[in-house]
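*Asks:* Quick one, run.csv (CSV, C-alpha atoms and all ligand atoms):
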chain,number,residue,atom,x,y,z
A,1,MET,CA,-51.6,-76.2,-94.4
A,2,PRO,CA,-53.1,-77.3,-97.8
A,3,THR,CA,-56.9,-77.9,-97.7
A,4,GLN,CA,-57.6,-81.6,-97.8
A,5,PRO,CA,-60.6,-83.0,-99.6
A,6,ILE,CA,-63.7,-84.2,-97.8
A,7,LEU,CA,-64.3,-87.9,-98.5
A,8,GLY,CA,-67.8,-89.3,-99.0
A,9,ILE,CA,-68.3,-93.0,-98.3
A,10,LEU,CA,-71.3,-95.0,-99.5
A,11,GLY,CA,-72.2,-97.3,-96.6
A,12,GLY,CA,-71.6,-96.7,-92.9
A,13,GLY,CA,-70.6,-100.1,-91.6
A,14,GLN,CA,-67.4,-101.2,-89.9
A,15,LEU,CA,-65.4,-100.7,-93.1
A,16,ALA,CA,-66.5,-97.1,-93.3
A,17,GLN,CA,-65.8,-96.7,-89.6
A,18,MET,CA,-62.2,-97.8,-90.1
A,19,LEU,CA,-61.8,-95.7,-93.3
A,20,ALA,CA,-63.0,-92.6,-91.5
A,21,LEU,CA,-60.7,-93.2,-88.5
A,22,ALA,CA,-57.7,-93.7,-90.9
A,23,ALA,CA,-58.6,-90.4,-92.7
A,24,ILE,CA,-58.4,-88.2,-89.6
A,25,PRO,CA,-54.5,-88.2,-89.2
A,26,LEU,CA,-54.3,-87.3,-92.9
A,27,GLY,CA,-56.5,-84.2,-92.2
A,28,ILE,CA,-59.3,-85.7,-94.2
A,29,SER,CA,-62.8,-85.7,-92.8
A,30,CYS,CA,-65.6,-88.1,-93.9
A,31,HIS,CA,-69.3,-88.1,-94.7
A,32,ILE,CA,-71.1,-91.4,-94.8
A,33,TYR,CA,-74.3,-92.1,-96.8
A,34,GLU,CA,-76.1,-94.9,-95.0
A,35,PRO,CA,-79.8,-95.7,-94.5
A,36,ASP,CA,-79.3,-97.4,-91.1
A,37,PRO,CA,-79.6,-94.7,-88.3
A,38,HIS,CA,-77.5,-97.0,-86.0
A,39,ALA,CA,-74.6,-97.7,-88.5
A,40,PRO,CA,-71.2,-98.1,-86.9
A,41,ALA,CA,-69.5,-95.3,-88.8
A,42,ARG,CA,-72.0,-92.6,-87.5
A,43,LEU,CA,-69.6,-92.1,-84.5
A,44,CYS,CA,-66.7,-90.8,-86.6
A,45,ALA,CA,-68.3,-89.2,-89.8
A,46,VAL,CA,-71.1,-86.8,-90.8
A,47,HIS,CA,-74.1,-89.1,-91.3
A,48,HIS,CA,-76.4,-88.7,-94.3
A,49,CYS,CA,-79.2,-91.0,-93.3
A,50,ALA,CA,-81.3,-91.8,-96.4
A,51,THR,CA,-82.0,-94.6,-98.8
A,52,TYR,CA,-79.9,-95.2,-101.9
A,53,ASP,CA,-82.8,-94.1,-104.2
A,54,ASP,CA,-83.4,-90.7,-102.5
A,55,PHE,CA,-81.9,-88.5,-105.2
A,56,THR,CA,-82.5,-85.3,-103.1
A,57,ALA,CA,-80.4,-86.7,-100.3
A,58,LEU,CA,-77.8,-88.0,-102.8
A,59,GLN,CA,-77.5,-84.5,-104.3
A,60,ALA,CA,-76.9,-83.0,-100.8
A,61,PHE,CA,-74.3,-85.7,-100.2
A,62,ALA,CA,-72.5,-85.0,-103.5
A,63,ASP,CA,-72.6,-81.2,-102.7
A,64,ALA,CA,-71.0,-81.8,-99.2
A,65,VAL,CA,-68.0,-83.9,-100.4
A,66,ASP,CA,-65.1,-83.7,-102.9
A,67,VAL,CA,-64.6,-87.3,-103.8
A,68,ILE,CA,-66.7,-90.5,-103.2
A,69,THR,CA,-65.8,-94.1,-102.4
A,70,TYR,CA,-67.8,-97.1,-101.2
A,71,GLU,CA,-67.4,-99.8,-98.5
A,72,PHE,CA,-69.5,-102.4,-100.4
A,73,GLU,CA,-69.7,-103.3,-104.0
A,74,ASN,CA,-73.5,-103.9,-104.1
A,75,VAL,CA,-74.3,-100.2,-104.3
A,76,PRO,CA,-77.1,-99.7,-106.7
A,77,VAL,CA,-75.8,-98.8,-110.2
A,78,ALA,CA,-78.3,-95.8,-110.6
A,79,CYS,CA,-77.0,-94.3,-107.3
A,80,VAL,CA,-73.4,-94.5,-108.4
A,81,ALA,CA,-74.2,-93.2,-111.9
A,82,PHE,CA,-76.0,-90.2,-110.3
A,83,LEU,CA,-73.1,-89.4,-108.0
A,84,ALA,CA,-70.4,-90.0,-110.6
A,85,ALA,CA,-72.0,-87.3,-112.8
A,86,ARG,CA,-71.4,-84.9,-109.9
A,87,LYS,CA,-68.2,-85.9,-108.1
A,88,PRO,CA,-65.3,-88.3,-108.8
A,89,VAL,CA,-66.0,-91.8,-107.7
A,90,ALA,CA,-63.2,-94.3,-107.0
A,91,PRO,CA,-62.7,-97.2,-107.6
A,92,GLY,CA,-64.2,-96.5,-111.0
A,93,ALA,CA,-67.3,-97.7,-112.9
A,94,MET,CA,-65.6,-100.6,-114.8
A,95,ALA,CA,-64.2,-102.3,-111.6
A,96,LEU,CA,-67.5,-101.8,-109.8
A,97,ARG,CA,-69.6,-103.3,-112.7
A,98,ILE,CA,-67.4,-106.3,-113.0
A,99,CYS,CA,-67.0,-106.9,-109.2
A,100,GLN,CA,-70.7,-106.7,-108.6
A,101,ASP,CA,-71.3,-109.9,-110.7
A,102,ARG,CA,-69.6,-113.2,-110.1
A,103,LEU,CA,-70.1,-114.2,-113.7
A,104,LEU,CA,-68.4,-111.1,-115.1
A,105,GLU,CA,-65.6,-111.4,-112.5
A,106,LYS,CA,-64.8,-115.0,-113.6
A,107,GLU,CA,-65.0,-114.1,-117.3
A,108,PHE,CA,-62.6,-111.1,-116.7
A,109,ALA,CA,-60.1,-113.3,-114.8
A,110,THR,CA,-60.3,-116.0,-117.4
A,111,GLN,CA,-59.7,-113.5,-120.2
A,112,LEU,CA,-56.5,-112.4,-118.5
A,113,GLY,CA,-55.4,-116.0,-118.4
A,114,TYR,CA,-56.0,-116.7,-114.7
A,115,ALA,CA,-57.5,-119.9,-113.3
A,116,THR,CA,-60.9,-119.8,-111.6
A,117,ALA,CA,-63.3,-122.5,-110.4
A,118,PRO,CA,-65.1,-124.1,-113.4
A,119,PHE,CA,-68.3,-122.1,-113.9
A,120,ILE,CA,-71.4,-121.8,-116.0
A,121,ALA,CA,-74.2,-119.2,-116.0
A,122,LEU,CA,-77.6,-120.8,-115.3
A,123,SER,CA,-79.8,-119.5,-118.1
A,124,ASP,CA,-83.4,-120.7,-118.2
A,125,ALA,CA,-82.5,-122.7,-121.4
A,126,LEU,CA,-79.8,-124.6,-119.7
A,127,SER,CA,-80.8,-127.9,-118.0
A,128,SER,CA,-79.5,-128.8,-114.6
A,129,ALA,CA,-78.0,-132.0,-116.0
A,130,ASP,CA,-76.0,-130.0,-118.6
A,131,ALA,CA,-74.9,-127.5,-116.0
A,132,VAL,CA,-73.7,-130.2,-113.6
A,133,ALA,CA,-71.9,-132.0,-116.5
A,134,ALA,CA,-70.1,-128.7,-117.3
A,135,VAL,CA,-68.6,-128.1,-113.8
A,136,GLY,CA,-68.8,-131.4,-112.0
A,137,LEU,CA,-70.0,-132.4,-108.6
A,138,PRO,CA,-69.9,-131.3,-105.8
A,139,ALA,CA,-70.8,-127.8,-107.1
A,140,ILE,CA,-71.8,-124.5,-105.5
A,141,LEU,CA,-74.8,-122.6,-106.6
A,142,LYS,CA,-74.4,-118.9,-106.1
A,143,THR,CA,-76.5,-115.8,-106.9
A,144,ARG,CA,-74.5,-113.7,-109.4
A,145,ARG,CA,-75.0,-110.6,-107.3
A,146,MET,CA,-75.4,-109.4,-103.7
A,147,GLY,CA,-73.8,-112.3,-101.9
A,148,TYR,CA,-71.7,-111.9,-98.8
A,149,ASP,CA,-70.6,-114.1,-95.9
A,150,GLY,CA,-71.7,-117.2,-97.8
A,151,LYS,CA,-75.3,-115.8,-98.2
A,152,GLY,CA,-77.0,-116.7,-101.5
A,153,GLN,CA,-75.0,-120.0,-101.8
A,154,GLN,CA,-75.8,-123.7,-101.7
A,155,THR,CA,-73.7,-126.7,-102.1
A,156,ILE,CA,-75.1,-129.1,-104.7
A,157,HIS,CA,-74.5,-132.9,-104.7
A,158,SER,CA,-76.9,-134.0,-107.5
A,159,THR,CA,-78.9,-132.8,-110.5
A,160,ALA,CA,-82.1,-133.2,-108.5
A,161,GLU,CA,-80.7,-131.0,-105.8
A,162,LEU,CA,-79.8,-128.3,-108.3
A,163,ASP,CA,-83.3,-128.5,-109.8
A,164,ALA,CA,-84.8,-127.9,-106.3
A,165,ALA,CA,-82.3,-125.1,-105.5
A,166,ARG,CA,-83.0,-123.3,-108.8
A,167,ALA,CA,-86.7,-123.2,-107.9
A,168,HIS,CA,-85.8,-121.7,-104.5
A,169,TYR,CA,-83.8,-118.9,-106.1
A,170,ILE,CA,-86.3,-118.1,-108.8
A,171,GLY,CA,-86.0,-114.4,-109.9
A,172,HIS,CA,-82.2,-114.4,-109.2
A,173,GLU,CA,-79.5,-114.7,-111.9
A,174,LEU,CA,-77.4,-117.7,-110.9
A,175,ILE,CA,-74.0,-119.2,-111.5
A,176,LEU,CA,-72.9,-122.8,-110.8
A,177,GLU,CA,-69.3,-123.3,-109.8
A,178,GLY,CA,-67.3,-126.5,-109.5
A,179,TYR,CA,-65.9,-127.2,-106.0
A,180,VAL,CA,-62.2,-126.3,-105.8
A,181,PRO,CA,-60.3,-128.8,-103.7
A,182,PHE,CA,-58.1,-126.1,-102.1
A,183,THR,CA,-55.4,-126.7,-99.5
A,184,TYR,CA,-55.9,-123.2,-98.1
A,185,GLU,CA,-57.4,-119.8,-98.9
A,186,VAL,CA,-55.5,-116.5,-99.3
A,187,SER,CA,-56.3,-113.0,-100.2
A,188,ILE,CA,-54.2,-110.6,-102.2
A,189,ILE,CA,-54.7,-107.0,-100.9
A,190,ALA,CA,-53.1,-104.3,-103.2
A,191,ALA,CA,-53.7,-100.7,-103.9
A,192,ARG,CA,-53.1,-98.4,-106.9
A,193,ASP,CA,-53.0,-94.6,-106.7
A,194,GLN,CA,-53.8,-92.0,-109.3
A,195,PHE,CA,-50.1,-91.8,-110.3
A,196,GLY,CA,-50.2,-95.5,-111.2
A,197,THR,CA,-48.0,-96.6,-108.2
A,198,ILE,CA,-49.0,-100.1,-106.9
A,199,ILE,CA,-48.3,-101.4,-103.4
A,200,ARG,CA,-49.2,-104.9,-102.0
A,201,TYR,CA,-49.5,-106.5,-98.6
A,202,PRO,CA,-48.0,-110.0,-98.1
A,203,LEU,CA,-50.5,-112.8,-98.9
A,204,VAL,CA,-53.0,-113.3,-96.1
A,205,GLN,CA,-54.1,-116.8,-95.1
A,206,ASN,CA,-57.8,-117.0,-94.4
A,207,MET,CA,-59.9,-119.6,-92.5
A,208,HIS,CA,-63.7,-119.7,-93.1
A,209,ARG,CA,-66.4,-121.6,-91.3
A,210,ASP,CA,-70.0,-121.8,-92.4
A,211,GLY,CA,-69.0,-119.4,-95.3
A,212,ILE,CA,-67.9,-116.7,-92.8
A,213,LEU,CA,-64.3,-115.5,-92.4
A,214,ARG,CA,-63.1,-116.4,-88.9
A,215,ARG,CA,-59.4,-115.8,-88.9
A,216,SER,CA,-56.7,-114.1,-91.1
A,217,THR,CA,-53.0,-114.5,-90.7
A,218,ALA,CA,-50.3,-112.3,-92.3
A,219,PRO,CA,-47.9,-113.1,-93.8
A,220,ALA,CA,-49.6,-116.3,-94.8
A,221,PRO,CA,-47.8,-119.1,-92.9
A,222,CYS,CA,-48.1,-121.5,-95.9
A,223,SER,CA,-47.0,-119.1,-98.5
A,224,THR,CA,-43.9,-119.5,-100.6
A,225,ALA,CA,-41.6,-117.0,-102.5
A,226,ALA,CA,-43.0,-118.3,-105.8
A,227,LEU,CA,-46.6,-117.7,-104.7
A,228,GLU,CA,-45.8,-114.2,-103.5
A,229,ALA,CA,-44.2,-113.5,-106.8
A,230,ASN,CA,-47.3,-114.8,-108.7
A,231,ALA,CA,-49.6,-112.7,-106.4
A,232,HIS,CA,-47.5,-109.7,-107.2
A,233,LEU,CA,-47.8,-110.1,-110.9
A,234,MET,CA,-51.4,-111.0,-110.8
A,235,SER,CA,-52.5,-108.0,-108.7
A,236,SER,CA,-50.4,-105.6,-110.7
A,237,ARG,CA,-51.9,-106.8,-114.0
A,238,ILE,CA,-55.5,-106.7,-112.7
A,239,LEU,CA,-55.1,-103.3,-111.1
A,240,SER,CA,-53.7,-101.9,-114.3
A,241,ALA,CA,-56.3,-103.6,-116.4
A,242,PHE,CA,-59.0,-101.8,-114.3
A,243,ALA,CA,-57.0,-98.5,-114.3
A,244,TYR,CA,-57.9,-99.0,-110.7
A,245,VAL,CA,-57.7,-96.4,-107.8
A,246,GLY,CA,-57.9,-97.7,-104.2
A,247,ILE,CA,-57.6,-101.0,-102.5
A,248,LEU,CA,-58.5,-104.1,-104.4
A,249,THR,CA,-58.8,-107.5,-102.7
A,250,ILE,CA,-58.5,-110.7,-104.7
A,251,GLU,CA,-59.7,-113.8,-102.8
A,252,CYS,CA,-57.9,-116.9,-104.0
A,253,PHE,CA,-57.8,-120.6,-103.4
A,254,VAL,CA,-54.4,-122.3,-103.3
A,255,ILE,CA,-54.3,-125.7,-104.9
A,256,ASP,CA,-51.5,-128.2,-105.0
A,257,THR,CA,-50.2,-129.0,-108.5
A,258,PRO,CA,-47.2,-131.0,-109.7
A,259,HIS,CA,-45.6,-127.6,-110.3
A,260,GLY,CA,-46.2,-126.5,-106.7
A,261,PRO,CA,-48.9,-124.5,-105.1
A,262,THR,CA,-51.0,-122.4,-107.5
A,263,LEU,CA,-53.4,-119.5,-107.1
A,264,VAL,CA,-57.0,-119.9,-108.3
A,265,ILE,CA,-59.1,-116.8,-108.2
A,266,ASN,CA,-62.4,-117.0,-106.2
A,267,GLU,CA,-63.6,-113.4,-106.3
A,268,PHE,CA,-62.7,-109.7,-106.2
A,269,ALA,CA,-63.7,-107.1,-103.7
A,270,PRO,CA,-63.3,-103.5,-105.0
A,271,ARG,CA,-62.7,-102.2,-101.5
A,272,VAL,CA,-61.0,-102.6,-98.2
A,273,HIS,CA,-61.6,-106.2,-96.9
A,274,ASN,CA,-62.1,-108.1,-93.7
A,275,SER,CA,-59.0,-110.1,-94.3
A,276,GLY,CA,-56.9,-106.8,-94.2
A,277,HIS,CA,-58.1,-105.6,-90.8
A,278,TRP,CA,-54.9,-106.8,-89.2
A,279,SER,CA,-53.0,-104.1,-91.2
A,280,ILE,CA,-54.1,-101.4,-88.7
A,281,GLU,CA,-51.8,-102.8,-86.0
A,282,GLY,CA,-49.7,-105.1,-88.1
A,283,SER,CA,-48.2,-102.8,-90.7
A,284,SER,CA,-46.9,-99.3,-91.1
A,285,THR,CA,-49.7,-98.2,-93.4
A,286,SER,CA,-53.1,-99.9,-93.0
A,287,GLN,CA,-55.3,-100.9,-95.9
A,288,PHE,CA,-57.7,-98.2,-94.8
A,289,GLU,CA,-55.1,-95.4,-94.9
A,290,ASN,CA,-53.9,-96.6,-98.3
A,291,HIS,CA,-57.4,-96.6,-99.7
A,292,VAL,CA,-58.1,-93.1,-98.3
A,293,ARG,CA,-54.7,-92.0,-99.8
A,294,ALA,CA,-55.4,-93.4,-103.2
A,295,VAL,CA,-59.0,-92.1,-103.6
A,296,THR,CA,-58.2,-88.6,-102.4
A,297,GLY,CA,-55.2,-88.2,-104.7
A,298,LEU,CA,-52.4,-88.8,-102.3
A,299,ALA,CA,-49.6,-91.3,-103.0
A,300,VAL,CA,-50.0,-94.8,-101.6
A,301,ARG,CA,-47.3,-96.0,-99.2
A,302,GLU,CA,-45.5,-99.4,-99.2
A,303,PRO,CA,-46.6,-101.2,-96.0
A,304,ILE,CA,-43.8,-102.4,-93.8
A,305,MET,CA,-44.8,-105.4,-91.6
A,306,ARG,CA,-44.5,-105.0,-87.8
A,307,GLY,CA,-44.3,-108.8,-87.3
A,308,VAL,CA,-46.8,-111.6,-87.6
A,309,ALA,CA,-50.4,-110.6,-87.4
A,310,VAL,CA,-53.5,-112.6,-86.7
A,311,MET,CA,-57.0,-111.2,-86.9
A,312,LEU,CA,-60.0,-113.0,-85.2
A,313,ASN,CA,-63.5,-112.0,-86.1
A,314,LEU,CA,-66.0,-111.6,-83.3
A,315,ILE,CA,-69.1,-113.1,-84.7
A,316,GLY,CA,-72.5,-113.0,-82.9
A,317,ASN,CA,-71.0,-112.0,-79.6
A,318,GLU,CA,-68.2,-110.0,-78.1
A,319,PRO,CA,-66.1,-110.2,-74.9
A,320,GLU,CA,-66.0,-107.8,-72.0
A,321,ASP,CA,-62.9,-105.5,-72.1
A,322,SER,CA,-61.6,-107.2,-69.0
A,323,ALA,CA,-61.5,-110.6,-70.7
A,324,VAL,CA,-59.3,-109.5,-73.6
A,325,PRO,CA,-55.7,-110.5,-72.9
A,326,ALA,CA,-53.2,-107.7,-72.6
A,327,GLY,CA,-51.4,-107.2,-75.9
A,328,VAL,CA,-54.5,-108.0,-78.0
A,329,ALA,CA,-56.3,-105.1,-79.8
A,330,ILE,CA,-60.1,-105.1,-79.8
A,331,HIS,CA,-62.2,-103.2,-82.4
A,332,ARG,CA,-66.0,-103.0,-81.7
A,333,TYR,CA,-68.5,-102.1,-84.4
A,334,HIS,CA,-71.3,-101.0,-82.0
A,335,LYS,CA,-73.8,-103.5,-83.5
A,336,THR,CA,-76.5,-105.5,-81.8
A,337,PRO,CA,-75.1,-109.0,-81.7
A,338,ARG,CA,-77.0,-111.6,-83.8
A,339,PRO,CA,-75.9,-115.1,-84.8
A,340,GLY,CA,-73.6,-114.9,-87.7
A,341,ARG,CA,-73.2,-111.1,-87.5
A,342,LYS,CA,-69.7,-109.6,-87.4
A,343,VAL,CA,-69.7,-107.3,-84.3
A,344,GLY,CA,-66.0,-106.7,-83.9
A,345,HIS,CA,-62.5,-108.2,-84.3
A,346,LEU,CA,-59.3,-108.9,-82.3
A,347,THR,CA,-55.8,-108.4,-83.6
A,348,VAL,CA,-52.7,-110.0,-82.3
A,349,VAL,CA,-49.3,-108.8,-83.5
A,350,ALA,CA,-46.0,-110.4,-82.4
A,351,PRO,CA,-42.5,-110.6,-83.7
A,352,HIS,CA,-42.7,-114.3,-84.4
A,353,ASN,CA,-45.3,-117.0,-85.1
A,354,SER,CA,-44.7,-118.7,-81.8
A,355,ASP,CA,-45.4,-115.5,-79.7
A,356,CYS,CA,-48.4,-114.9,-81.8
A,357,SER,CA,-49.8,-118.4,-81.2
A,358,VAL,CA,-49.5,-117.9,-77.5
A,359,LEU,CA,-51.7,-114.8,-77.6
A,360,VAL,CA,-54.1,-116.3,-80.1
A,361,GLU,CA,-54.5,-119.3,-77.8
A,362,ALA,CA,-55.3,-116.9,-74.9
A,363,CYS,CA,-58.2,-115.7,-77.0
A,364,THR,CA,-59.7,-119.2,-77.4
A,365,ASN,CA,-63.2,-119.4,-75.9
A,366,LEU,CA,-63.7,-115.6,-75.7
A,367,PRO,CA,-67.3,-114.9,-76.7
A,368,GLY,CA,-67.5,-114.5,-80.5
A,369,THR,CA,-64.2,-116.1,-81.5
A,370,TYR,CA,-63.7,-119.4,-83.2
A,371,VAL,CA,-60.0,-120.1,-83.0
B,1,LIG,P1,-67.3,-113.3,-98.4
B,1,LIG,O1,-68.3,-112.2,-98.2
B,1,LIG,O2,-66.8,-113.9,-97.1
B,1,LIG,O3,-66.2,-113.0,-99.4
B,1,LIG,P2,-69.1,-114.6,-100.3
B,1,LIG,O4,-70.5,-114.7,-99.8
B,1,LIG,O5,-68.7,-113.5,-101.2
B,1,LIG,O6,-68.1,-114.5,-99.0
B,1,LIG,P3,-67.5,-116.7,-101.5
B,1,LIG,O7,-66.2,-115.9,-101.2
B,1,LIG,O8,-67.8,-116.9,-102.9
B,1,LIG,O9,-68.7,-116.0,-100.9
B,1,LIG,O10,-67.5,-118.0,-100.7
B,1,LIG,C1,-67.3,-118.1,-99.3
B,1,LIG,C2,-66.4,-119.3,-99.0
B,1,LIG,O11,-67.0,-120.5,-99.4
B,1,LIG,C3,-65.1,-119.2,-99.7
B,1,LIG,O12,-64.2,-118.4,-99.0
B,1,LIG,C4,-64.7,-120.7,-99.6
B,1,LIG,O13,-64.3,-121.1,-98.3
B,1,LIG,C5,-66.0,-121.4,-99.9
B,1,LIG,N1,-66.2,-121.5,-101.4
B,1,LIG,C6,-66.9,-120.7,-102.2
B,1,LIG,N2,-66.8,-121.1,-103.5
B,1,LIG,C7,-66.1,-122.2,-103.5
B,1,LIG,C8,-65.7,-123.1,-104.6
B,1,LIG,N3,-66.0,-123.0,-105.8
B,1,LIG,N4,-64.9,-124.2,-104.2
B,1,LIG,C9,-64.6,-124.4,-102.9
B,1,LIG,N5,-65.0,-123.6,-101.9
B,1,LIG,C10,-65.7,-122.5,-102.2
B,2,MG,MG,-65.6,-114.4,-100.5
Could you write out this file's structure as structure tokens?
Ligand code: ATP
Ligand code: MG
*Replies:*
Amino acid sequence: MPTQPILGILGGGQLAQMLALAAIPLGISCHIYEPDPHAPARLCAVHHCATYDDFTALQAFADAVDVITYEFENVPVACVAFLAARKPVAPGAMALRICQDRLLEKEFATQLGYATAPFIALSDALSSADAVAAVGLPAILKTRRMGYDGKGQQTIHSTAELDAARAHYIGHELILEGYVPFTYEVSIIAARDQFGTIIRYPLVQNMHRDGILRRSTAPAPCSTAALEANAHLMSSRILSAFAYVGILTIECFVIDTPHGPTLVINEFAPRVHNSGHWSIEGSSTSQFENHVRAVTGLAVREPIMRGVAVMLNLIGNEPEDSAVPAGVAIHRYHKTPRPGRKVGHLTVVAPHNSDCSVLVEACTNLPGTYV
């Protein structure tokens, strides 16, 4: 049997847990680099427990692995630069740099000719009145970096409110976005391998509440053939422009136009994504397996759907095993429950929408779900 590479993952949360589990059948073992001693992925990978600025520990991590990936895009740049000088890191530096910053992301998408929310960088010289005039109201103020699950964001209804919010976020680089009147939200999940082959999952329809993803459904019930074709072209172009290796997620709004539903890019995630968790049970090759394949030099595989899949996040609480209906898969992240914290997820897969709905309905009122 050929020797398979050892994969290093920066971060040890639930995404690293699912990456490490997907690597095992490929004969690939994983090391995680993660400061939290109780991180979810410690159960299925060798744990390098140290901070991201501990260059002795980073050296030991680089020595122990053959190739490195990451489960979150906010990895400190100095840490990635140090590792990239020692071992291959995928996805590469260009994608990481752009996807870490909401402003660069939107500029990149715009340069390729894709629609985004109206946006403007809030430099000190720019008055709140001019910023509001540029993007309209309501608007959303966001930190350019480090946001997730709606953190570092505030909806803005007036110039005065923006002035107050800017004072609150002093010391952060900020962007102001116009509100996009979307009819629904989707994500495009696609992968490119080192041979340049690109695969894509069907559009996933996402439902958020309080800025946190609650439910994902694949294929997106509201999607159309035209939208899928646009998603295909868009993801292929963006993956190629980045010379990307691994899974890339593009979060989009769908807006109604006189020409039919249209995709508006919200943000990129240069990694496996919460809206693709359903692919473990719902497709022949999960997003996690395809990411591991791509970054370790294997060919990506076209995912074949196993029916309709619905993923429900477990947020702040999780049900007892005995309460989970038969036929529903549960994934636990071994985290201490806190309000707003993702502690696990449920996946329902069924041949048709109607069978799926019955099982999803049976999950209503389980602790942690919002159906
Ligand atoms: P996540 O970690 O879940 O991806 P995030 O913190 O990176 O979230 P965004 O994806 O920018 O933040 O925003 C979270 C949600 O807030 C979006 O999915 C959408 O529902 C809503 N939202 C964000 N920006 C806009 C906008 N410009 N117009 C309308 N809704 C928006
Ligand atoms: Mg988002």
*Asks:* Applying 7 Å and only C-alpha atoms, which residues near range 113-124 of chain A remain after dropping the ones on its own chain fewer than 5 positions away? List them as a list of chain:residue names.
*Replies:*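 In the requested form, the answer reads A:Leu103, A:Lys106, A:Ala131, A:Val135, A:Leu174, A:Ile175, A:Leu176, A:Glu177, A:Gly178, A:Tyr179, A:Val180, A:Val264, A:Ile265, A:Asn266.
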*Asks:* Which one of A:Asp101, A:Glu320, A:Asp53, A:Asp149 sits closest to ligand MG 2 (chain B) if you count all atoms listed in the file?
*Replies:*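 Ranking A:Asp101, A:Glu320, A:Asp53, A:Asp149 by distance to ligand MG 2 (chain B), first place goes to A:Asp149.
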*Asks:* Which residues are near ligand LIG 1 (chain B) - at most 10 Å, using only C-alpha atoms and all ligand atoms? Format: as JSON, numbers by chain.
*Replies:* {"A": [102, 116, 117, 118, 119, 135, 138, 139, 140, 141, 142, 143, 144, 145, 146, 147, 148, 149, 150, 151, 152, 153, 154, 155, 176, 177, 178, 179, 180, 181, 182, 184, 185, 186, 187, 206, 207, 208, 209, 210, 211, 212, 213, 214, 249, 250, 251, 252, 253, 264, 265, 266, 267, 268, 269, 273, 274, 275]}
*Asks:* Pick out the residues sitting within 6 Å of range 279-288 of chain A, and hand them over as a PyMOL selection string; count only C-alpha atoms, and ignore anything fewer than 2 positions along from it in its own chain.
*Replies:* chain A and resi 19+22+276-277+290-291+303-306+309+349
*Asks:* Rounded to one decimal, what separation in Å do you get between CA of Gly260 in chain A and CA of Ile188 in chain A?
*Replies:*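 That distance, rounded to one decimal, is 18.4 Å.
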*Asks:* Using only C-alpha atoms and all ligand atoms, pick whichever of A:Cys99, A:Val360, A:Leu203, A:Val65 has the shortest atom-to-atom distance to ligand MG 2 (chain B).
*Replies:*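 The shortest atom-to-atom distance to ligand MG 2 (chain B) comes from A:Cys99.
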*Asks:* Using only C-alpha atoms, which residues sit within 12 Å of range 37-52 of chain A once same-chain residues fewer than 5 positions away are excluded, as a ChimeraX atom specification?
*Replies:* /A:6-24,28-32,57-65,71,74-83,331-336,342-344
*Asks:* Within 8 Å of range 231-234 of chain A, counting all atoms listed in the file, which residues qualify if same-chain residues fewer than 3 places away don't, as a list in words?
*Replies:*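 My reading of the contact set: Ile188, Arg200, Leu203, Leu227, Glu228, Arg237, Ile238 and Leu263 of chain A.
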*Asks:* At what distance in Å, to one decimal, does CA of Ala218 in chain A lie from CA of Ser322 in chain A?
*Replies:*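 Here the two named atoms are 26.4 Å from each other.
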*Asks:* With distances taken over only C-alpha atoms, which residue among A:Asp130, A:Glu318, A:Glu289, A:Asp355 lies nearest Pro339 in chain A?
*Replies:*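 Checking each candidate against Pro339 in chain A, we get A:Glu318 as the closest.
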*Asks:* If we count only C-alpha atoms, what is near range 92-95 of chain A at a cut-off of 7 Å, once residues fewer than 3 positions away on the same chain are taken out, given as a PyMOL selection string?
*Replies:* chain A and resi 89+98-99+242+244+270
*Asks:* Between A:Ala133, A:Ala90, A:Val358, A:Leu298, which one has atoms that come closest to Leu26 in chain A, using only C-alpha atoms?
*Replies:*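 Looking only at the distances to Leu26 in chain A, the closest residue turns out to be A:Leu298.
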*Asks:* For Ile247 in chain A, which residue among A:Thr69, A:Thr364, A:Phe195, A:Asp36 is the nearest when counting only C-alpha atoms?
*Replies:* A:Thr69
*Asks:* Mind pulling up the distance from CA of Glu73 in chain A to CA of Ala165 in chain A?
*Replies:* 25.2 Å
*Asks:* Pick the closest to Ile156 in chain A from A:Leu137, A:Ile170, A:Ile330, A:Leu312: which is it, counting all atoms listed in the file?
*Replies:*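 Closest candidate: A:Leu137.
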*Asks:* Neighbourhood query: residues within 9 Å of (-66.4, -114.2, -83.0), file coordinates, counting all atoms listed in the file; return as an mmCIF file with C-alpha atoms, keeping the file's coordinate frame.
*Replies:*
data_model
loop_
_atom_site.group_PDB
_atom_site.id
_atom_site.type_symbol
_atom_site.label_atom_id
_atom_site.label_comp_id
_atom_site.auth_asym_id
_atom_site.auth_seq_id
_atom_site.Cartn_x
_atom_site.Cartn_y
_atom_site.Cartn_z
ATOM 1 C CA ARG A 214 -63.100 -116.400 -88.900
ATOM 2 C CA LEU A 312 -60.000 -113.000 -85.200
ATOM 3 C CA ASN A 313 -63.500 -112.000 -86.100
ATOM 4 C CA LEU A 314 -66.000 -111.600 -83.300
ATOM 5 C CA ILE A 315 -69.100 -113.100 -84.700
ATOM 6 C CA GLY A 316 -72.500 -113.000 -82.900
ATOM 7 C CA ASN A 317 -71.000 -112.000 -79.600
ATOM 8 C CA GLU A 318 -68.200 -110.000 -78.100
ATOM 9 C CA GLY A 340 -73.600 -114.900 -87.700
ATOM 10 C CA ARG A 341 -73.200 -111.100 -87.500
ATOM 11 C CA LYS A 342 -69.700 -109.600 -87.400
ATOM 12 C CA VAL A 343 -69.700 -107.300 -84.300
ATOM 13 C CA GLY A 344 -66.000 -106.700 -83.900
ATOM 14 C CA HIS A 345 -62.500 -108.200 -84.300
ATOM 15 C CA LEU A 346 -59.300 -108.900 -82.300
ATOM 16 C CA LEU A 366 -63.700 -115.600 -75.700
ATOM 17 C CA PRO A 367 -67.300 -114.900 -76.700
ATOM 18 C CA GLY A 368 -67.500 -114.500 -80.500
ATOM 19 C CA THR A 369 -64.200 -116.100 -81.500
ATOM 20 C CA TYR A 370 -63.700 -119.400 -83.200
ATOM 21 C CA VAL A 371 -60.000 -120.100 -83.000
#
